[in-house]
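Trainee: Sending over structure18.txt (compact mmCIF, C-alpha atoms).
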```
# COMPACT_ATOMS: atom_id res chain seq x y z
CA MET A 83 -17.13 -41.51 -23.92
CA ALA A 84 -14.77 -40.57 -26.70
CA SER A 85 -14.36 -37.02 -25.41
CA VAL A 86 -13.51 -38.29 -21.89
CA LYS A 87 -10.90 -40.59 -23.40
CA GLU A 88 -9.51 -37.71 -25.46
CA THR A 89 -9.13 -35.44 -22.45
CA PHE A 90 -7.32 -38.25 -20.64
CA VAL A 91 -4.99 -38.72 -23.59
CA ASP A 92 -4.49 -34.97 -23.79
CA LYS A 93 -3.70 -34.59 -20.13
CA ARG A 94 -1.85 -37.89 -19.62
CA TRP A 95 1.45 -36.16 -18.91
CA GLY A 96 -0.22 -33.83 -16.44
CA ILE A 97 -1.73 -36.77 -14.58
CA ILE A 98 1.57 -38.68 -14.71
CA ALA A 99 3.38 -35.61 -13.34
CA ILE A 100 0.96 -35.30 -10.43
CA THR A 101 1.10 -39.02 -9.65
CA LEU A 102 4.89 -39.10 -9.76
CA GLY A 103 5.00 -35.97 -7.61
CA ILE A 104 2.84 -37.62 -4.94
CA LEU A 105 4.91 -40.82 -5.10
CA VAL A 106 8.19 -38.96 -4.70
CA GLY A 107 6.69 -36.86 -1.90
CA VAL A 108 5.46 -39.91 0.00
CA PHE A 109 8.79 -41.67 -0.60
CA SER A 110 10.71 -38.70 0.82
CA ALA A 111 8.38 -38.71 3.82
CA TYR A 112 9.08 -42.44 4.26
CA ILE A 113 12.84 -41.78 4.25
CA CYS A 114 12.37 -38.95 6.74
CA ILE A 115 10.44 -41.24 9.09
CA LYS A 116 12.79 -44.21 8.62
CA TYR A 117 15.97 -42.27 9.36
CA ASN A 118 14.17 -40.11 11.93
CA LEU A 119 15.15 -36.75 10.44
CA VAL A 120 13.93 -34.58 13.29
CA ILE A 121 14.84 -31.00 14.15
CA PHE A 122 13.63 -29.77 17.58
CA GLY A 123 11.11 -32.60 17.76
CA PHE A 124 9.71 -31.60 14.39
CA ASN A 125 10.04 -34.02 11.51
CA ILE A 126 11.34 -32.16 8.46
CA MET A 127 9.07 -34.20 6.18
CA TYR A 128 6.26 -31.74 6.87
CA ILE A 129 8.12 -29.10 4.88
CA LEU A 130 10.44 -31.19 2.71
CA SER A 131 7.94 -33.65 1.22
CA PRO A 132 5.37 -31.18 -0.20
CA LEU A 133 8.27 -29.15 -1.62
CA THR A 134 9.86 -32.22 -3.24
CA ALA A 135 6.51 -33.35 -4.63
CA GLY A 136 5.79 -29.91 -6.06
CA PHE A 137 9.29 -29.66 -7.53
CA VAL A 138 9.13 -33.07 -9.25
CA GLU A 139 5.65 -32.36 -10.55
CA THR A 140 6.60 -28.95 -11.94
CA VAL A 141 9.76 -30.24 -13.64
CA ILE A 142 7.92 -33.12 -15.35
CA ALA A 143 4.95 -30.94 -16.25
CA HIS A 144 7.24 -28.34 -17.85
CA GLU A 145 9.19 -30.94 -19.82
CA LYS A 146 6.33 -33.09 -21.07
CA TYR A 147 3.01 -31.34 -20.50
CA GLY A 148 4.15 -27.90 -21.62
CA LYS A 149 2.51 -25.93 -18.81
CA SER A 150 2.29 -25.89 -15.06
CA THR A 151 -0.19 -28.16 -13.27
CA GLY A 152 -0.41 -25.89 -10.23
CA ALA A 153 1.49 -28.07 -7.74
CA ILE A 154 -1.56 -30.19 -6.93
CA SER A 155 0.68 -32.99 -5.71
CA ALA A 156 2.29 -30.69 -3.14
CA LEU A 157 -1.11 -30.00 -1.59
CA LEU A 158 -2.16 -33.67 -1.73
CA THR A 159 1.15 -34.79 -0.20
CA PHE A 160 0.74 -32.17 2.50
CA ILE A 161 -2.74 -33.43 3.36
CA LEU A 162 -1.62 -37.10 3.30
CA ILE A 163 1.39 -36.44 5.53
CA ASN A 164 -0.67 -34.46 7.99
CA ILE A 165 -3.34 -37.18 8.22
CA TRP A 166 -0.52 -39.63 8.86
CA GLY A 167 1.33 -37.42 11.32
CA TRP A 168 -1.56 -36.13 13.40
CA PHE A 169 -4.03 -39.01 13.39
CA ILE A 170 -2.81 -42.39 12.06
CA LEU A 171 0.56 -42.29 13.85
CA GLY A 172 -1.17 -41.52 17.12
CA TYR A 173 -3.69 -44.32 16.51
CA ILE A 174 -1.02 -46.95 15.75
CA THR A 175 1.32 -46.09 18.59
CA ASN A 176 -1.61 -45.38 20.94
CA ASN A 177 0.01 -42.03 21.68
CA PRO A 178 -2.37 -39.30 20.55
CA THR A 179 -0.97 -35.93 19.59
CA THR A 180 -0.88 -33.58 22.54
CA PHE A 181 -0.93 -29.83 22.14
CA ASN A 182 2.26 -28.41 23.53
CA LEU A 183 4.32 -25.48 22.32
CA ILE A 184 6.32 -27.53 19.82
CA THR A 185 3.18 -29.05 18.31
CA LEU A 186 1.67 -25.59 17.91
CA ILE A 187 4.80 -24.24 16.24
CA ALA A 188 4.85 -27.32 14.01
CA ILE A 189 1.24 -26.68 12.98
CA VAL A 190 2.00 -23.04 12.18
CA LEU A 191 5.08 -24.07 10.18
CA THR A 192 3.21 -26.71 8.19
CA ILE A 193 0.40 -24.31 7.35
CA GLN A 194 2.99 -21.67 6.51
CA ALA A 195 4.65 -24.10 4.08
CA ALA A 196 1.36 -24.82 2.38
CA PHE A 197 -0.25 -21.37 2.31
CA PRO A 198 2.57 -18.83 2.65
CA ILE A 199 0.66 -15.73 1.58
CA PHE A 200 -2.35 -16.47 3.77
CA MET A 201 -0.20 -17.18 6.82
CA ASN A 202 1.94 -14.08 6.29
CA TYR A 203 -1.23 -12.01 6.10
CA LEU A 204 -2.45 -13.52 9.37
CA LEU A 205 0.90 -13.04 11.11
CA PHE A 206 1.89 -9.59 9.89
CA VAL A 207 -1.42 -7.86 9.29
CA VAL A 208 -4.07 -9.40 11.51
CA GLY A 209 -1.69 -10.25 14.37
CA ILE A 210 0.06 -6.90 14.49
CA SER A 211 -3.13 -4.87 14.18
CA ILE A 212 -4.64 -6.79 17.10
CA VAL A 213 -1.55 -6.01 19.19
CA ARG A 214 -1.78 -2.38 18.03
CA LYS A 215 -5.39 -2.05 19.06
CA VAL A 216 -4.77 -3.63 22.46
CA ILE A 217 -1.84 -1.25 23.15
CA GLY A 218 -3.88 1.73 21.95
CA PHE A 219 -6.81 0.73 24.13
CA LEU A 220 -4.58 0.39 27.21
CA VAL A 221 -2.89 3.74 26.53
CA TYR A 222 -6.15 5.65 26.13
CA LEU A 223 -8.02 3.74 28.86
CA PRO A 224 -7.17 6.14 31.75
CA SER A 225 -8.45 9.22 29.92
CA LYS A 226 -11.52 7.29 28.84
CA ILE A 227 -12.34 6.35 32.45
CA GLN A 228 -11.83 9.94 33.67
CA GLY A 229 -14.13 11.09 30.90
CA LYS A 230 -11.59 13.53 29.53
CA PRO A 231 -11.98 14.24 25.86
CA LYS A 232 -8.88 13.34 23.90
CA GLU A 233 -6.82 16.37 23.03
CA VAL A 234 -7.18 17.22 19.42
CA GLU A 235 -3.96 18.53 17.98
CA ASN A 236 -4.36 21.56 15.84
CA ARG A 237 -1.29 21.39 13.72
CA GLU A 238 -0.04 24.66 12.36
CA ILE A 239 1.48 24.84 8.94
CA ASN A 240 5.04 25.64 9.84
CA GLY A 241 6.88 27.45 7.10
CA PRO A 242 6.91 26.77 3.41
CA SER A 243 7.68 23.21 2.36
CA ILE A 244 10.63 22.31 0.12
CA ASP A 245 8.52 22.01 -3.03
CA GLU A 246 7.03 25.47 -2.45
CA ILE A 247 10.47 27.07 -2.22
CA PHE A 248 11.48 25.24 -5.38
CA LEU A 249 8.36 26.36 -7.27
CA ASP A 250 9.02 29.98 -6.28
CA THR A 251 12.51 29.91 -7.78
CA LEU A 252 11.25 29.02 -11.26
CA LYS A 253 11.41 31.82 -13.84
CA ILE A 254 8.27 30.70 -15.63
CA PRO A 255 5.61 29.46 -13.19
CA LEU A 256 4.45 25.88 -13.72
CA VAL A 257 0.73 25.69 -14.48
CA SER A 258 -1.96 23.04 -14.59
CA VAL A 259 -3.84 24.87 -17.36
CA PRO A 260 -3.52 23.93 -21.06
CA HIS A 261 -1.99 27.28 -22.10
CA THR A 262 1.23 29.09 -21.21
CA PRO A 263 1.18 31.88 -18.61
CA ILE A 264 3.12 34.29 -20.85
CA GLY A 265 3.34 34.46 -24.62
CA LYS A 266 2.02 31.98 -27.16
CA ILE A 267 2.83 28.31 -27.69
CA LYS A 268 5.18 27.97 -30.68
CA THR A 269 5.67 24.20 -30.76
CA ASN A 270 4.33 21.30 -28.74
CA ILE A 271 7.24 18.98 -27.93
CA GLY A 272 5.40 16.16 -26.20
CA LEU A 273 4.82 14.30 -22.97
CA VAL A 274 7.37 14.60 -20.17
CA THR A 275 7.30 12.78 -16.84
CA GLY A 276 9.21 12.69 -13.59
CA GLU A 277 9.00 10.25 -10.71
CA ALA A 278 10.24 10.16 -7.14
CA ILE A 279 9.64 7.95 -4.13
CA ALA A 280 8.39 9.49 -0.89
CA GLU A 281 9.22 7.49 2.20
CA GLU A 282 8.15 7.67 5.78
CA LYS A 283 10.58 9.30 8.18
CA GLU A 284 12.51 6.93 10.42
CA ALA A 285 11.74 7.35 14.10
CA LYS A 286 14.61 9.03 15.94
CA ASN A 287 14.61 7.20 19.24
CA LEU A 288 13.15 4.08 20.79
CA ILE A 289 10.25 5.83 22.52
CA SER A 290 9.00 7.54 19.38
CA LYS A 291 9.43 4.23 17.58
CA LEU A 292 7.09 2.63 20.13
CA THR A 293 4.53 5.43 20.00
CA ASN A 294 4.65 5.25 16.22
CA ILE A 295 3.02 1.84 16.45
CA ILE A 296 -0.15 3.25 17.99
CA GLU A 297 -0.23 6.82 16.75
CA PRO A 298 -1.69 7.46 13.34
CA THR A 299 0.70 8.77 10.70
CA GLN A 300 0.91 12.54 10.39
CA ILE A 301 1.43 14.40 7.15
CA ASP A 302 4.80 15.63 8.51
CA ASP A 303 6.02 12.06 8.85
CA ILE A 304 6.41 11.64 5.13
CA TYR A 305 9.01 13.32 2.95
CA LEU A 306 6.30 14.60 0.64
CA GLY A 307 7.65 18.03 -0.26
CA GLU A 308 11.06 16.65 -1.15
CA ALA A 309 9.58 13.94 -3.35
CA LYS A 310 7.38 16.48 -5.13
CA LYS A 311 10.41 18.68 -5.75
CA VAL A 312 12.45 15.77 -7.16
CA ALA A 313 9.59 14.63 -9.42
CA LEU A 314 9.05 18.16 -10.77
CA THR A 315 12.81 18.70 -11.26
CA ARG A 316 13.12 15.47 -13.22
CA MET A 317 10.15 16.43 -15.36
CA LEU A 318 11.64 19.85 -16.10
CA GLN A 319 15.03 18.32 -16.86
CA SER A 320 13.58 15.92 -19.41
CA ALA A 321 11.63 18.84 -20.93
CA LYS A 322 14.83 20.86 -21.17
CA SER A 323 16.73 17.98 -22.78
CA LEU A 324 14.02 17.85 -25.46
CA GLY A 325 14.58 21.53 -26.18
CA ALA A 326 11.43 22.87 -24.54
CA ASN A 327 11.45 25.95 -22.34
CA THR A 328 8.43 25.23 -20.16
CA VAL A 329 5.88 22.60 -19.25
CA ILE A 330 2.11 23.14 -19.25
CA GLU A 331 -0.82 21.15 -17.88
CA VAL A 332 1.22 19.63 -15.08
CA LEU A 333 -0.43 16.80 -13.14
CA ILE A 334 0.90 15.50 -9.83
CA ASP A 335 -0.21 12.04 -8.78
CA TYR A 336 0.59 9.60 -5.99
CA VAL A 337 0.61 5.80 -6.01
CA SER A 338 0.94 3.85 -2.79
CA ILE A 339 3.57 1.13 -3.00
CA GLY A 340 3.71 0.15 0.66
CA GLY A 341 3.84 -3.58 1.30
CA PHE A 342 2.06 -5.08 4.26
CA GLN A 343 2.92 -2.22 6.59
CA GLY A 344 4.92 0.39 4.72
CA ASN A 345 3.88 3.90 3.85
CA ALA A 346 6.08 4.53 0.81
CA PHE A 347 4.66 5.92 -2.37
CA ILE A 348 5.60 7.11 -5.82
CA VAL A 349 5.04 10.75 -6.68
CA THR A 350 4.66 11.34 -10.40
CA ALA A 351 4.60 14.61 -12.30
CA THR A 352 3.37 14.61 -15.91
CA GLY A 353 3.01 17.46 -18.33
CA THR A 354 3.31 18.63 -21.90
CA ALA A 355 6.64 20.17 -22.87
CA VAL A 356 6.27 23.24 -25.12
CA ILE A 357 8.32 26.00 -26.69
CA TYR A 358 6.74 29.41 -26.25
CA GLU A 359 7.64 32.83 -27.49
CA MET B 231 -11.07 32.57 -2.85
CA LEU B 232 -12.35 31.30 -6.15
CA ILE B 233 -11.45 27.66 -6.76
CA LEU B 234 -12.27 26.16 -10.16
CA THR B 235 -11.49 22.97 -12.01
CA THR B 236 -11.67 24.72 -15.37
CA PRO B 237 -8.52 26.13 -17.03
CA THR B 238 -10.09 29.59 -17.48
CA ILE B 239 -12.42 31.91 -15.60
CA GLU B 240 -15.50 32.67 -17.71
CA GLY B 241 -15.95 36.38 -18.38
CA LYS B 242 -12.89 37.37 -16.37
CA LYS B 243 -9.37 38.21 -17.43
CA ILE B 244 -6.44 36.43 -15.84
CA ASP B 245 -3.74 38.99 -15.04
CA GLU B 246 -0.96 36.88 -13.66
CA TYR B 247 0.02 33.25 -13.16
CA TYR B 248 1.81 32.39 -9.93
CA GLY B 249 2.40 28.70 -10.59
CA LEU B 250 1.42 25.43 -8.96
CA VAL B 251 0.06 25.32 -5.43
CA THR B 252 -0.50 22.07 -3.55
CA GLY B 253 -2.13 20.93 -0.35
CA ASP B 254 -2.14 17.52 1.31
CA TRP B 255 -3.69 16.06 4.39
CA LEU B 256 -3.66 12.65 5.99
CA LEU B 257 -6.76 11.09 7.46
CA GLY B 258 -5.08 9.03 10.16
CA ALA B 259 -7.09 6.16 11.48
CA ASN B 260 -8.03 6.94 15.03
CA LEU B 261 -8.03 3.80 17.12
CA TYR B 262 -11.43 4.34 18.69
CA LYS B 263 -13.15 5.32 15.52
CA ASP B 264 -11.48 2.41 13.82
CA MET B 265 -12.72 -0.03 16.43
CA PHE B 266 -16.32 1.06 16.19
CA SER B 267 -16.29 1.40 12.45
CA GLY B 268 -15.16 -2.23 12.40
CA VAL B 269 -18.23 -3.16 14.43
CA ARG B 270 -20.44 -1.09 12.16
CA ASP B 271 -18.95 -2.77 9.12
CA VAL B 272 -20.22 -6.07 10.47
CA VAL B 273 -23.56 -4.82 11.79
CA GLY B 274 -24.24 -2.55 8.86
CA GLY B 275 -24.94 1.13 8.52
CA ARG B 276 -22.92 4.12 7.44
CA THR B 277 -19.69 4.94 9.18
CA THR B 278 -20.57 8.60 9.60
CA LYS B 279 -17.50 9.24 11.73
CA TYR B 280 -15.31 8.34 8.80
CA GLU B 281 -17.28 10.54 6.46
CA GLU B 282 -16.93 13.48 8.83
CA GLU B 283 -13.20 12.89 9.08
CA LEU B 284 -12.87 12.66 5.32
CA THR B 285 -14.68 15.97 4.82
CA ASN B 286 -12.48 17.49 7.49
CA ALA B 287 -9.29 16.22 5.81
CA ARG B 288 -10.41 17.55 2.44
CA GLU B 289 -11.21 20.95 3.90
CA LEU B 290 -7.83 21.13 5.63
CA ALA B 291 -6.00 20.18 2.43
CA ARG B 292 -7.92 22.88 0.56
CA LYS B 293 -7.17 25.40 3.29
CA SER B 294 -3.44 24.74 3.18
CA MET B 295 -3.47 25.15 -0.61
CA GLU B 296 -5.44 28.40 -0.27
CA GLU B 297 -2.97 29.74 2.27
CA LYS B 298 -0.07 29.11 -0.08
CA ALA B 299 -1.90 30.84 -2.93
CA GLU B 300 -2.78 33.81 -0.73
CA LYS B 301 0.86 34.19 0.26
CA LYS B 302 1.76 34.54 -3.41
CA GLY B 303 -0.87 37.22 -3.88
CA ALA B 304 -3.35 35.19 -5.89
CA ASN B 305 -7.11 35.57 -5.66
CA ALA B 306 -8.16 32.42 -7.52
CA ILE B 307 -7.00 28.86 -8.14
CA ILE B 308 -7.83 27.33 -11.51
CA ALA B 309 -7.46 23.86 -13.04
CA THR B 310 -7.72 22.28 -9.59
CA ARG B 311 -7.66 18.52 -9.07
CA VAL B 312 -8.49 16.61 -5.88
CA SER B 313 -7.50 13.00 -5.35
CA TYR B 314 -7.64 10.46 -2.57
CA HIS B 315 -4.96 7.85 -1.95
CA ASN B 316 -4.92 4.80 0.24
CA LEU B 317 -1.84 4.38 2.42
CA GLY B 318 -0.59 1.74 4.78
CA GLY B 319 -0.39 -1.25 2.49
CA THR B 320 -2.71 -4.15 3.21
CA MET B 321 -3.83 -2.61 6.49
CA GLY B 322 -5.02 0.39 4.50
CA ASN B 323 -6.41 2.51 7.30
CA THR B 324 -4.88 5.84 6.32
CA ILE B 325 -6.23 8.01 3.54
CA MET B 326 -4.28 10.87 2.01
CA VAL B 327 -6.17 13.72 0.40
CA THR B 328 -4.18 15.74 -2.12
CA ILE B 329 -5.25 18.86 -3.99
CA PHE B 330 -3.36 21.03 -6.43
CA GLY B 331 -4.02 23.79 -8.92
CA THR B 332 -2.63 26.92 -10.55
CA ALA B 333 -2.68 30.12 -8.51
CA VAL B 334 -3.73 33.16 -10.55
CA SER B 335 -4.99 36.67 -10.02
CA TYR B 336 -7.93 37.87 -12.11
CA SER B 337 -9.85 41.05 -12.77
CA ASP B 338 -13.08 41.90 -14.58
```
Now, as a test, write the supplied structure out as C-alpha cells.
Mentor:
Amino acid sequence: MASVKETFVDKRWGIIAITLGILVGVFSAYICIKYNLVIFGFNIMYILSPLTAGFVETVIAHEKYGKSTGAISALLTFILINIWGWFILGYITNNPTTFNLITLIAIVLTIQAAFPIFMNYLLFVVGISIVRKVIGFLVYLPSKIQGKPKEVENREINGPSIDEIFLDTLKIPLVSVPHTPIGKIKTNIGLVTGEAIAEEKEAKNLISKLTNIIEPTQIDDIYLGEAKKVALTRMLQSAKSLGANTVIEVLIDYVSIGGFQGNAFIVTATGTAVIYE
Amino acid sequence: MLILTTPTIEGKKIDEYYGLVTGDWLLGANLYKDMFSGVRDVVGGRTTKYEEELTNARELARKSMEEKAEKKGANAIIATRVSYHNLGGTMGNTIMVTIFGTAVSYSD
C-alpha cells in the first residue's frame, strides 16, 4: 500500500496537470457550445478543446512535474467531446447525426486533429497510391485486353554523364583502392568528405507531369551525375585545403531523404587525403 | 572483364589506374507487378518477379560500369562495391542499384 501511495505522491503534479487539462478542455467546449462558435456547420470545439487541454496540461507538467505527460488530457477530451457530439447530443435533441458531406469532413478533421501523422499517411500515401493504381490500370487496360505485351524500353546509354567527364579531367585518377596509383604515400592527412543533394527533374509540361504519376521513375529523371560531380569536387577541395595532393579509397554512397513522395537523396563521397611523391 | 572487390589482383601486375567508374540503375515499380506482389505479400510466397527485376537491374548497372571502363581502355575493375538504396519515401517502391570501382589494366 505504501508504494502505491508513494507513486501517487510522486506523480501528483502529473495527475493534477491531466485533470486540469481535461477541465479546461471541457470548459472551452462548453463555451464553444454556449456561444455557438460554428464554422461551416462545424463546431470549432472539436479542434480547439483538445488543443487547449493539451496545451494547459503540457505547461503545468513542465512547470511542476518536470517532464511531459504525453498530452493524455487532449486525447481524453477528444474522446469525451466526440461522445457528446456524435451520440449524446443526438439522443437529447432526438436528432441523430446524419452522414452528409459536412459530417464526413468534420470526422476527417477531428481525426486529423487527434492523429495527424496517421491521417497524413492515409491521405498522402495510401490515398494517392490507390488513385495511381487505378489510373495505371485504366491506361494499360486496352493493351491488356488486346493481349499485346507491353513494350519494354531498351534504354541506350547516351553519352558520358557529367561525373564521367569530370573524372576524366583529373590529373591523378581517383581510386577506391587503399594505395596511390602512382608513387608512394608520403603522409596520410586524414578523412575528407563531400556531400551533394540529387533531386528529381521537374516535369516540363502538364502532360509529362500527369504521366509522371503513373510511370515509374527512370534513372535519367534524377540529376545523379551532377550530384556525384559536386560531391567529389567538394571532397577534393577539402583535401586540397588540408594540403593533400590526392585522395585514395574513395567511397560513394547514397541516402534517400525523400519525404512521403519525394525522390531526393544525398550523395556522399568519403576518402582518405594523402600526400604522395 | 575481371571485376573484383579486392584492392589488388593476386599474382598479376597492375599497369595503369584509370580512376573511378560508376554505374547506376533504377528498379522502377511496374504497376502490374506491384499489384500482384501486393497480393502475394498477403497470401504468402516469394515475389519472384521482383527478384528477377532486381537481378536485371544489378546486371544493367554492372554493364554500364563495364562500358565506361572499357571506353577508358581498362581490362579489370578492382575494389568494387555494390549497394542498394530505397527511393520514393514512405511509398518506397523504387530501388536504386549503384556500383562503383577503380578501372585498371593489368598484365601477368
Trainee: Could you state the separation of atom CA of A:Ile115 and atom CA of A:Met127 in Å, given to one decimal place?
Mentor: 7.7 Å
Trainee: Would you mind telling me which residue in B:Asp254, B:Tyr336, B:Leu234, B:Glu282 lies nearest to chain A when using only C-alpha atoms?
Mentor: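 For chain A, the nearest of the given residues is B:Asp254.
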Trainee: Atom CA of A:Val259 to atom CA of B:Ile239: how many Å, to one decimal?
Mentor: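 One can read the atom CA of A:Val259 to atom CA of B:Ile239 distance as 11.2 Å.
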Trainee: Restricting the calculation to all atoms listed in the file: of A:Gly167, A:Val312, A:Met317, A:Pro260, which residue gets closest to chain B?
Mentor: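 Among the listed residues, A:Pro260 lies closest to chain B.
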Trainee: Which is closer to B:Tyr247 than all the others in B:Val312, B:Leu317, B:Ile307, B:Met326, using all atoms listed in the file?
Mentor: B:Ile307
Trainee: Looking at B:Val251, B:Val327, B:Lys298, B:Asp338, which one is nearest to B:Thr310, with distances taken over only C-alpha atoms?
Mentor: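 Of B:Val251, B:Val327, B:Lys298, B:Asp338, the one nearest B:Thr310 is B:Val251, counting only C-alpha atoms.
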Trainee: Select, from B:Ala304, B:Leu250, B:Met295, B:Leu284, the residue with the minimum atom-to-atom distance to chain A, counting only C-alpha atoms.
Mentor: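 Of all the options, B:Leu250 lies closest to chain A.
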Trainee: Please, which residues are within 10 Å of (6.4, -38.6, -1.9) by the file's coordinates, counting all atoms listed in the file, and could they come as a list of chain:residue names?
Mentor: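 Those residues lying close to the given coordinates are A:Thr101, A:Leu102, A:Gly103, A:Ile104, A:Leu105, A:Val106, A:Gly107, A:Val108, A:Phe109, A:Ser110, A:Ala111, A:Tyr112, A:Ile113, A:Met127, A:Leu130, A:Ser131, A:Pro132, A:Leu133, A:Thr134, A:Ala135, A:Gly136, A:Val138, A:Ser155, A:Ala156, A:Leu158, A:Thr159, A:Phe160, A:Leu162, A:Ile163.
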Trainee: Please compute the atom CA of A:Leu204-atom CA of B:Glu281 distance, one decimal, in Å.
Mentor: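 Value for the atom CA of A:Leu204-atom CA of B:Glu281 distance: 28.4 Å.
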Trainee: Which one is closest to chain B: A:Arg94, A:Lys116, A:His261, A:His144? Count only C-alpha atoms.
Mentor: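 So, comparing all the options, the nearest one is A:His261.
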Trainee: For A:Asn164, please output as a list of chain:residue names all residues within 10 Å (counting only C-alpha atoms; exclusion window: fewer than 6 positions along the same chain).
Mentor: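 Near A:Asn164, the qualifying residues are A:Met127, A:Tyr128, A:Leu158, A:Ile170, A:Leu171, A:Ile189, A:Thr192.
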